[in-house]
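Coordinates from target-v4.cif are shown below (mmCIF, C-alpha atoms).
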```
data_coords
#
loop_
_atom_site.label_atom_id
_atom_site.label_comp_id
_atom_site.auth_asym_id
_atom_site.auth_seq_id
_atom_site.Cartn_x
_atom_site.Cartn_y
_atom_site.Cartn_z
CA GLY A 1 -10.24 -18.31 -18.32
CA SER A 2 -11.56 -18.26 -14.73
CA GLU A 3 -14.94 -19.37 -13.46
CA LEU A 4 -16.75 -17.87 -10.45
CA VAL A 5 -20.10 -19.11 -9.10
CA ALA A 6 -22.07 -17.63 -6.21
CA VAL A 7 -22.74 -20.04 -3.36
CA ASP A 8 -26.07 -18.31 -2.74
CA ALA A 9 -27.72 -17.68 -6.09
CA ALA A 10 -30.16 -15.17 -4.58
CA LYS A 11 -27.46 -12.98 -3.00
CA GLY A 12 -25.00 -13.37 -5.83
CA ILE A 13 -21.25 -12.82 -5.93
CA SER A 14 -19.15 -9.64 -6.11
CA LEU A 15 -15.87 -9.28 -7.96
CA ASN A 16 -13.56 -6.26 -7.76
CA VAL A 17 -10.46 -6.06 -9.94
CA LYS A 18 -8.55 -2.77 -9.61
CA GLY A 19 -5.20 -1.48 -10.76
CA THR A 20 -3.91 1.66 -9.02
CA ASN A 21 -0.77 3.51 -10.08
CA ALA A 22 0.56 5.96 -7.48
CA THR A 23 4.14 6.03 -8.72
CA GLY A 24 6.25 9.11 -8.03
CA ILE A 25 9.17 9.69 -10.40
CA ILE A 26 11.62 12.57 -10.00
CA ALA A 27 14.65 13.52 -12.08
CA LEU A 28 16.57 16.45 -10.63
CA ALA A 29 19.75 18.00 -12.00
CA GLY A 30 21.29 21.21 -10.72
CA GLY A 31 24.64 22.90 -10.53
CA GLY A 32 26.56 26.13 -10.71
CA THR A 33 29.91 27.48 -11.85
CA ILE A 34 31.50 30.57 -10.35
CA GLU A 35 34.70 32.08 -11.72
CA ASP A 36 36.45 34.82 -9.81
CA ALA A 37 39.54 35.26 -12.01
CA ASP A 38 39.67 38.15 -14.47
CA SER A 39 41.97 36.18 -16.76
CA SER A 40 39.56 33.27 -17.26
CA PHE A 41 38.57 32.64 -20.88
CA LEU A 42 35.49 30.41 -20.70
CA THR A 43 32.93 29.41 -18.06
CA LEU A 44 30.45 26.61 -18.88
CA GLN A 45 27.60 25.03 -16.96
CA GLY A 46 24.99 22.56 -18.23
CA ASN A 47 22.50 20.21 -16.55
CA TYR A 48 20.10 17.61 -17.91
CA ALA A 49 17.13 15.95 -16.17
CA HIS A 50 15.33 13.21 -18.10
CA ASN A 51 12.50 10.69 -17.48
CA GLU A 52 12.07 8.11 -20.24
CA GLY A 53 9.83 5.08 -20.77
CA VAL A 54 6.29 3.90 -20.09
CA ASN A 55 4.45 3.47 -16.79
CA ASN A 56 1.48 1.22 -17.57
CA THR A 57 -1.62 0.50 -15.48
CA TYR A 58 -3.84 -2.54 -16.13
CA ALA A 59 -6.92 -4.24 -14.67
CA ILE A 60 -8.11 -7.10 -16.88
CA VAL A 61 -10.59 -9.96 -16.81
CA ASP A 62 -10.22 -12.03 -19.96
CA ALA A 63 -10.08 -15.49 -21.50
CA SER A 64 -7.11 -17.76 -21.09
CA GLU A 65 -4.45 -18.08 -23.73
CA LYS A 66 -5.53 -20.25 -26.63
CA VAL A 67 -5.39 -23.97 -25.89
CA LYS A 68 -5.74 -26.98 -28.10
CA GLU A 69 -9.28 -28.34 -28.26
CA GLN A 70 -10.17 -31.00 -30.79
CA ASP A 71 -7.30 -30.03 -33.07
CA SER A 72 -8.30 -26.36 -33.14
CA ASP A 73 -7.11 -23.31 -31.30
CA LYS A 74 -9.73 -21.99 -28.91
CA ALA A 75 -9.41 -19.68 -25.92
CA LYS A 76 -11.23 -20.69 -22.75
CA ARG A 77 -13.65 -17.91 -21.86
CA SER A 78 -14.08 -16.58 -18.33
CA LYS A 79 -17.43 -17.14 -16.63
CA ILE A 80 -19.18 -15.42 -13.70
CA THR A 81 -22.47 -16.95 -12.59
CA ASN A 82 -25.03 -15.12 -10.41
CA ALA A 83 -23.10 -11.88 -10.32
CA ASN A 84 -24.36 -9.13 -8.05
CA LYS A 85 -21.48 -6.72 -8.69
CA VAL A 86 -18.52 -6.84 -11.05
CA GLU A 87 -16.12 -3.91 -11.07
CA VAL A 88 -12.98 -3.71 -13.21
CA ALA A 89 -11.17 -0.39 -12.77
CA THR A 90 -7.88 1.43 -13.14
CA ASP A 91 -6.74 4.68 -11.57
CA ASP A 92 -3.49 6.30 -12.64
CA HIS A 93 -2.54 9.22 -10.41
CA SER A 94 1.20 8.88 -10.89
CA LYS A 95 3.46 11.93 -10.92
CA GLU A 96 6.55 12.54 -13.06
CA VAL A 97 8.80 15.51 -12.40
CA ALA A 98 11.93 16.60 -14.28
CA ILE A 99 13.74 19.73 -13.06
CA ALA A 100 17.06 21.02 -14.36
CA GLY A 101 18.79 24.19 -13.18
CA ALA A 102 22.09 25.78 -14.16
CA ALA A 103 23.84 28.93 -12.98
CA THR A 104 27.06 30.62 -14.08
CA GLY A 105 28.64 33.60 -12.40
CA SER A 106 31.84 35.49 -13.07
CA SER A 107 33.72 38.65 -12.28
CA GLY A 108 35.69 38.69 -15.52
CA THR A 109 35.42 35.57 -17.70
CA LYS A 110 35.52 36.42 -21.41
CA PHE A 111 32.75 33.98 -22.42
CA MET A 112 29.99 32.64 -20.16
CA VAL A 113 27.54 29.96 -21.34
CA GLY A 114 24.92 28.14 -19.27
CA GLY A 115 22.01 25.85 -20.09
CA ALA A 116 19.51 23.36 -18.65
CA ILE A 117 17.30 20.70 -20.26
CA ALA A 118 14.38 18.89 -18.56
CA THR A 119 12.25 16.27 -20.34
CA ASN A 120 9.52 13.68 -19.73
CA THR A 121 9.03 11.29 -22.63
CA THR A 122 7.44 7.93 -23.43
CA GLU A 123 9.85 7.55 -26.33
CA VAL A 124 12.26 4.64 -25.90
CA LYS A 125 15.29 3.43 -27.77
CA ALA A 126 14.52 1.65 -31.02
CA ALA A 127 14.97 -2.12 -31.21
CA ASP A 128 18.03 -1.75 -33.42
CA GLY A 129 19.58 0.67 -30.97
CA GLU A 130 19.45 3.50 -33.48
CA GLY A 131 17.37 6.50 -32.49
CA THR A 132 14.07 6.35 -30.58
CA THR A 133 10.53 5.20 -31.19
CA ALA A 134 7.28 6.53 -29.74
CA ALA A 135 6.09 3.89 -27.25
CA GLN A 136 2.47 4.01 -26.13
CA GLN A 137 1.80 4.16 -22.40
CA HIS A 138 -1.37 2.27 -21.48
CA ASN A 139 -4.01 2.71 -18.80
CA ILE A 140 -6.48 -0.08 -19.58
CA ALA A 141 -9.47 -1.56 -17.75
CA ALA A 142 -10.90 -4.53 -19.64
CA LEU A 143 -13.74 -7.02 -19.19
CA ASN A 144 -13.28 -9.19 -22.26
CA ASN A 145 -14.34 -12.64 -23.46
CA THR A 146 -16.40 -13.21 -20.32
CA ASP A 147 -19.90 -14.68 -19.88
CA ILE A 148 -21.72 -13.03 -16.99
CA THR A 149 -25.07 -14.15 -15.61
CA VAL A 150 -26.45 -11.60 -13.16
CA VAL A 151 -28.71 -12.17 -10.20
CA THR A 152 -32.31 -11.58 -11.24
CA GLN A 153 -33.54 -8.97 -8.81
CA THR A 154 -37.18 -8.96 -7.77
CA ALA A 155 -37.23 -5.64 -5.92
CA ALA A 156 -37.20 -2.46 -8.00
CA ASP A 157 -34.47 -0.85 -5.85
CA LYS A 158 -32.06 -3.77 -6.23
CA ILE A 159 -29.87 -3.65 -9.31
CA SER A 160 -26.79 -5.64 -10.22
CA LYS A 161 -23.94 -3.43 -11.38
CA ILE A 162 -21.37 -4.38 -14.02
CA SER A 163 -18.77 -1.68 -14.65
CA THR A 164 -15.46 -1.14 -16.41
CA THR A 165 -13.78 2.21 -15.75
CA ALA A 166 -10.37 3.64 -16.62
CA LYS A 167 -9.32 6.91 -14.99
CA ASP A 168 -6.22 9.02 -15.58
CA ASP A 169 -5.49 11.96 -13.30
CA SER A 170 -1.72 11.74 -13.59
CA SER A 171 0.59 14.74 -13.87
CA LYS A 172 3.77 15.47 -15.83
CA PHE A 173 5.95 18.49 -14.93
CA ALA A 174 9.12 19.61 -16.71
CA MET A 175 11.04 22.71 -15.63
CA ALA A 176 14.32 24.13 -16.91
CA ILE A 177 15.74 27.26 -15.33
CA GLY A 178 19.11 28.95 -15.75
CA ALA A 179 21.03 32.11 -15.02
CA SER A 180 24.23 33.59 -16.44
CA ILE A 181 25.50 36.70 -14.70
CA SER A 182 28.73 38.70 -15.06
CA LYS A 183 29.64 41.89 -13.23
CA ASN A 184 32.70 42.78 -15.30
CA GLU A 185 32.80 44.82 -18.50
CA GLY A 186 35.57 42.52 -19.72
CA THR A 187 33.04 39.76 -20.42
CA TYR A 188 32.32 39.59 -24.14
CA ILE A 189 29.27 37.29 -24.04
CA SER A 190 26.97 36.17 -21.26
CA ALA A 191 24.46 33.59 -22.57
CA ASP A 192 21.90 31.19 -21.12
CA GLY A 193 19.55 28.74 -22.87
CA ASP A 194 16.95 26.40 -21.31
CA VAL A 195 14.62 23.74 -22.74
CA ALA A 196 11.66 22.00 -21.06
CA ASN A 197 9.76 19.30 -22.93
CA ASN A 198 6.91 16.82 -22.37
CA ASN A 199 6.71 14.27 -25.20
CA LEU A 200 3.90 11.86 -24.31
CA TYR A 201 1.89 9.10 -26.00
CA ILE A 202 -0.74 7.84 -23.55
CA THR A 203 -3.94 5.80 -24.05
CA THR A 204 -6.66 5.61 -21.39
CA ARG A 205 -9.13 2.88 -22.40
CA ALA A 206 -12.10 1.07 -20.89
CA GLU A 207 -13.30 -1.88 -22.92
CA MET A 208 -15.76 -4.75 -23.04
CA LEU A 209 -14.88 -6.97 -25.98
CA ASN A 210 -16.88 -10.07 -26.89
CA SER A 211 -18.50 -10.34 -23.45
CA ASN A 212 -22.09 -11.38 -22.65
CA ILE A 213 -24.16 -10.02 -19.76
CA VAL A 214 -27.57 -11.68 -19.27
CA ASP A 215 -30.14 -12.31 -16.53
CA ARG A 216 -30.05 -15.74 -14.95
CA ALA A 217 -32.81 -18.20 -15.69
CA LEU A 218 -35.77 -18.18 -13.32
CA THR A 219 -35.82 -20.70 -10.48
CA THR A 220 -38.51 -23.41 -10.32
CA GLU A 221 -40.40 -21.40 -7.71
CA GLU A 222 -40.23 -18.24 -9.82
CA GLN A 223 -41.38 -20.15 -12.88
CA ALA A 224 -44.35 -21.46 -10.87
CA GLN A 225 -45.26 -17.91 -9.87
CA GLN A 226 -45.06 -16.79 -13.48
CA ALA A 227 -47.26 -19.70 -14.54
CA GLN A 228 -50.03 -18.49 -12.23
CA LEU A 229 -50.30 -15.19 -14.07
CA THR A 230 -53.11 -14.76 -16.56
CA GLU A 231 -52.31 -14.00 -20.16
CA ASP A 232 -53.35 -10.38 -19.69
CA GLU A 233 -51.16 -10.11 -16.59
CA LYS A 234 -48.23 -11.51 -18.51
CA LYS A 235 -48.79 -9.05 -21.34
CA ASN A 236 -49.00 -6.10 -18.95
CA GLN A 237 -45.95 -7.16 -16.96
CA PRO A 238 -42.97 -5.16 -18.32
CA LYS A 239 -39.68 -6.90 -18.96
CA GLN A 240 -37.19 -5.64 -16.42
CA TYR A 241 -33.55 -6.56 -16.79
CA SER A 242 -31.49 -6.55 -13.63
CA ALA A 243 -28.11 -5.07 -14.56
CA GLN A 244 -26.73 -1.56 -14.80
CA VAL A 245 -23.84 -1.72 -17.24
CA GLU A 246 -21.28 1.10 -17.29
CA LEU A 247 -18.26 1.55 -19.49
CA LYS A 248 -16.33 4.76 -18.79
CA ALA A 249 -12.95 6.24 -19.71
CA ASP A 250 -12.01 9.51 -18.02
CA SER A 251 -8.77 11.41 -18.70
CA ASP A 252 -8.02 14.34 -16.40
CA ALA A 253 -4.25 14.58 -16.84
CA THR A 254 -2.11 17.65 -16.17
CA LEU A 255 0.87 18.58 -18.36
CA VAL A 256 3.10 21.52 -17.43
CA THR A 257 6.33 22.79 -18.98
CA THR A 258 8.22 25.92 -18.07
CA ALA A 259 11.55 27.23 -19.38
CA ASP A 260 12.92 30.31 -17.63
CA THR A 261 16.17 32.10 -18.34
CA ILE A 262 18.05 35.05 -16.86
CA ALA A 263 21.15 36.66 -18.34
CA PHE A 264 22.97 39.82 -17.21
CA ASN A 265 26.26 41.32 -18.29
CA LYS A 266 28.15 44.58 -17.80
CA GLY A 267 30.19 43.72 -20.88
CA ASN A 268 29.35 43.58 -24.57
CA ALA A 269 26.62 41.01 -25.33
CA VAL A 270 23.82 39.36 -23.39
CA LEU A 271 21.77 36.49 -24.82
CA GLY A 272 18.89 34.52 -23.33
CA MET A 273 16.66 31.81 -24.85
CA GLY A 274 13.95 29.58 -23.36
CA ILE A 275 12.00 26.84 -25.18
CA ALA A 276 8.99 25.12 -23.58
CA ASN A 277 7.13 22.41 -25.47
CA ASN A 278 4.24 20.00 -24.85
CA ASN A 279 3.94 17.27 -27.48
CA SER A 280 0.70 15.61 -26.40
CA HIS A 281 -0.88 12.45 -27.82
CA LEU A 282 -3.50 11.59 -25.21
CA ASP A 283 -6.22 9.19 -26.40
CA THR A 284 -9.32 8.43 -24.33
CA GLU A 285 -11.49 5.52 -25.45
CA ALA A 286 -14.55 3.61 -24.22
CA VAL A 287 -15.28 0.61 -26.44
CA LEU A 288 -18.16 -1.90 -26.31
CA GLN A 289 -17.71 -4.45 -29.06
CA GLY A 290 -19.07 -7.87 -29.93
CA GLU A 291 -18.25 -10.27 -32.69
CA THR A 292 -20.33 -11.57 -35.54
CA VAL A 293 -20.01 -14.62 -37.76
CA GLN A 294 -21.36 -15.28 -41.22
CA LYS A 295 -23.73 -18.26 -41.41
CA GLN A 296 -26.13 -19.55 -44.00
CA GLU A 297 -28.98 -17.55 -42.53
CA GLY A 298 -26.85 -14.40 -42.59
CA THR A 299 -24.87 -12.44 -40.02
CA VAL A 300 -25.22 -13.85 -36.52
CA TYR A 301 -24.06 -12.28 -33.26
CA GLU A 302 -21.58 -14.65 -31.66
CA ASN A 303 -20.70 -12.61 -28.57
CA GLY A 304 -21.52 -9.14 -27.30
CA LYS A 305 -25.05 -9.75 -25.98
CA ILE A 306 -26.04 -7.24 -23.31
CA GLN A 307 -29.29 -7.40 -21.31
CA ALA A 308 -29.41 -4.33 -19.11
CA GLU A 309 -31.73 -2.09 -17.15
CA SER A 310 -29.44 0.72 -18.31
CA LEU A 311 -26.28 0.98 -20.42
CA THR A 312 -23.72 3.80 -20.35
CA VAL A 313 -20.74 4.08 -22.69
CA SER A 314 -18.79 7.27 -21.97
CA ALA A 315 -15.41 8.77 -22.84
CA MET A 316 -14.41 12.13 -21.35
CA SER A 317 -11.25 14.21 -21.64
CA LYS A 318 -10.54 17.10 -19.27
CA ASN A 319 -6.80 17.31 -19.78
CA ARG A 320 -5.01 20.52 -18.82
CA VAL A 321 -1.96 21.59 -20.79
CA THR A 322 0.11 24.55 -19.54
CA ASN A 323 3.18 26.03 -21.16
CA VAL A 324 5.28 28.89 -19.76
CA GLY A 325 8.41 30.53 -21.16
CA ILE A 326 10.05 33.48 -19.40
CA GLY A 327 13.21 35.30 -20.42
CA ILE A 328 14.94 38.20 -18.68
CA VAL A 329 18.15 39.76 -19.98
CA GLY A 330 19.97 42.92 -18.97
CA GLY A 331 23.07 44.80 -20.06
CA LEU A 332 24.91 47.70 -18.45
CA THR A 333 28.15 48.97 -19.96
CA SER A 334 30.18 52.10 -20.64
CA ASN A 335 31.58 50.47 -23.80
CA THR A 336 29.98 52.45 -26.64
CA ALA A 337 31.73 50.55 -29.43
CA PHE A 338 29.52 47.46 -29.28
CA THR A 339 26.69 46.42 -27.07
CA PHE A 340 24.03 43.77 -27.79
CA THR A 341 21.19 42.48 -25.67
CA GLY A 342 18.78 39.81 -26.93
CA ALA A 343 16.10 37.50 -25.51
CA GLY A 344 13.87 34.96 -27.14
CA ASN A 345 11.29 32.55 -25.77
CA VAL A 346 9.26 29.88 -27.53
CA SER A 347 6.20 28.14 -26.06
CA VAL A 348 4.57 25.40 -28.14
CA ASN A 349 1.64 23.06 -27.47
CA ASP A 350 1.56 20.37 -30.17
CA ILE A 351 -1.62 18.43 -29.41
CA THR A 352 -3.07 15.36 -31.12
CA ASN A 353 -5.66 14.08 -28.65
CA ASN A 354 -8.60 11.80 -29.48
CA THR A 355 -11.71 11.04 -27.41
CA LYS A 356 -13.92 8.17 -28.57
CA ALA A 357 -16.98 6.30 -27.27
CA ILE A 358 -17.68 3.30 -29.52
CA VAL A 359 -20.39 0.64 -29.68
CA ASN A 360 -19.78 -1.87 -32.44
CA SER A 361 -21.33 -5.24 -33.38
CA ALA A 362 -23.11 -5.61 -30.04
CA GLU A 363 -26.56 -7.11 -29.41
CA ILE A 364 -28.20 -4.88 -26.80
CA TYR A 365 -31.48 -5.31 -24.94
CA THR A 366 -32.63 -2.69 -22.42
CA ALA A 367 -35.79 -2.22 -20.44
#
```
Can I see the file as structure tokens?
Amino acid sequence: GSELVAVDAAKGISLNVKGTNATGIIALAGGGTIEDADSSFLTLQGNYAHNEGVNNTYAIVDASEKVKEQDSDKAKRSKITNANKVEVATDDHSKEVAIAGAATGSSGTKFMVGGAIATNTTEVKAADGEGTTAAQQHNIAALNNTDITVVTQTAADKISKISTTAKDDSSKFAMAIGASISKNEGTYISADGDVANNNLYITTRAEMLNSNIVDRALTTEEQAQQAQLTEDEKKNQPKQYSAQVELKADSDATLVTTADTIAFNKGNAVLGMGIANNNSHLDTEAVLQGETVQKQEGTVYENGKIQAESLTVSAMSKNRVTNVGIGIVGGLTSNTAFTFTGAGNVSVNDITNNTKAIVNSAEIYTA
């Protein structure tokens, strides 16, 4: 738990905590096999490009770890006194790219097979080493367990601003492309298969948990000025809080997969298959939450008191998911006994995205 106090109570203090993720990650795999011997039996080519794991972004103001205090566990809260501006923000504009390409060519190989796989995934190996588990990637801006006293502004155009914002405009691109080409009628099968996959579990979250934002107490001089007002003047004087409080989570991520295959044969059979898949679990959350305790007089708000000129809690998702599968196959032969040409492409978007703006157990005063 940290404590910040403005030297000049009238001017206040500004605090900016920002986490920016501009990581660029590239996995590139490519290769080709060319066979020029008519007696060759088999030509193979395969390439695999893979990005795995989480790439987290955090900006957090919070209490300290729990410490012993009078034989009980209690976390020391953070405190900001006479705040003029407090900004806690994250911005994830990282880029992940996986590209795999494979090519096979022959003038007479009997069997030709090529393939490429490109994936981006947040899945990681399970703790026991067996299989994988879906790990959550986090982009979190948090102003938690903090007591903030804002500068009381006297001019209408002067407002203290307290904000927590989490923004995701990252991109994930997976591309698999392959070609299998034979110019000899002695080739029995020319086949190519490609797979591109994004498998992502990402949470973008802005939160204020158990924090208090209140106007500072009036100075002696200000109290004297208030005391000179008549009762009618006091009644007609509107209560004006001095803080604009904003809590925003904005997800504007881009997911692209493309699987493209080309197969051509002058022999007997030509096969091509491309599979492109986006498995998207993108959650966007803005959460304002206090805590309550049960006492003899009933439920009492313990933390989560907000005095604000305005309060905004917003969660927005503008994610773009694009999936492309292209297959081209061709056969040209004078062999009338058996000829087969086949192509198949699968494009799938499996989406489980949630967007939530939540206010829970908070004590809010606005004017």
* For Asn279 (chain A), which of A:Ile181, A:Ala22, A:Lys172, A:Gly327 is the closest residue, counting only C-alpha atoms? -> A:Lys172
* To do: Can you work out the spacing between CA of Ile358 (chain A) and CA of Ser242 (chain A) in Å, to one decimal?
  =>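 Rounded to one decimal, the two atoms are 23.2 Å apart.
Take CA of Ala6 (chain A) and CA of Arg77 (chain A): the distance between them is 17.8 Å.
You will find CA of Val5 (chain A) at 21.1 Å from CA of Ala89 (chain A).
Within 10 Å of the point (-13.4, 9.7, -31.9), and counting all atoms listed in the file, the protein, DNA and RNA residues are Asp283, Thr284, Glu285, Ala286, Ala315, Asn353, Asn354, Thr355, Lys356, Ala357 and Ile358 of chain A.
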* Identify, on the basis of all atoms listed in the file, every residue whose closest approach to Gly105 (chain A) does not exceed 12 Å; exclude the query and any residue fewer than 6 positions from it along the same chain; express the result as a ChimeraX atom specification. => /A:31-37,40,42-45,111-114,178-184,187,190-192,262-265
Please give the centre and size of the box around region 310-318 of chain A (axis-aligned, containing every atom listed in the file, 5 Å added per side), with values in Å to one decimal and written as JSON.
```
{"center_x": -20.0, "center_y": 8.9, "center_z": -20.6, "size_x": 28.9, "size_y": 26.4, "size_z": 14.5}
```
* To do: Apply the PyMOL selection byres ((chain A and resi 13) around 7) to the displayed file and report the matching residues as a PyMOL selection string.
  => chain A and resi 6+11-12+14-15+82-85
